[in-house]
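Engineer: The structure under discussion is supplied below as structure tokens; questions concerning it will follow.
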Amino acid sequence: MSFSSLKEIIELAEQGKTTISELMIKSEVEQKGYSREIIIEKMSEQFTVMEEAVRKGTTSPVTSRTGLTGGDGHRLYQYAEKGNSFVNSKTLHAAANALSVSEVNAAMGRIVATPTAGSAGILPAVLVHAMIAENLLVKRLYSPCSLPLPSD
């Protein structure tokens, strides 16, 4: 099962009376040859890596190997915890999460490049902040996987 546009993915999901995440899980099963349970377990492992990167950068300062950048995710998280900003603390927490993952990446730490390392903090920031039930959350990770990457 392959896709070339978001419109095509939506149409396939509607035709199959299923969700985009279920469509992507089926696609992964077909492409990889693993069972549905293994595919979901692998995505759960990816989410764990995302969460660890967020936690690492928010609980303590993480600096790049060169020492030129870092610590901003932790500082922003601490600032959000104080609640003394005109910016909503939920927004600040999500931003702190995103910065934290980017800083873990710059420090050569373990991240999930979703879809590239440059934007690696965005998806984990939102998902970790939302923290809906993990099983449901893990399945929802398949929806952004459906977005086709630009081709040359």
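Naming works like this for the structure tokens: A, B, ... for the chains as they're shown, residue 1 at the start of each chain, ligands 1 onward in shown order.
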Env of A:Val101: 12 Å cut, atoms = only C-alpha atoms, seq-sep filter 5 positions within chain, self excluded. Answer as a count of residues only.

Structural biologist: 43

Engineer: Would you please extract all helix (DSSP H, G or I) residues from chain A, as assigned by DSSP on the backbone, and give them as JSON, numbers by chain?

Structural biologist: {"A": [6, 7, 8, 9, 10, 11, 12, 13, 14, 15, 20, 21, 22, 23, 24, 25, 26, 27, 28, 29, 30, 31, 32, 36, 37, 38, 39, 40, 41, 42, 43, 44, 45, 46, 47, 48, 49, 50, 51, 52, 53, 54, 55, 56, 57, 58, 59, 72, 73, 74, 75, 76, 77, 78, 79, 80, 81, 82, 89, 90, 91, 92, 93, 94, 95, 96, 97, 98, 99, 100, 101, 102, 103, 104, 105, 106, 117, 118, 119, 122, 123, 124, 125, 126, 127, 128, 129, 130, 134, 135, 136, 137, 138, 139, 140, 142, 143, 144, 145]}
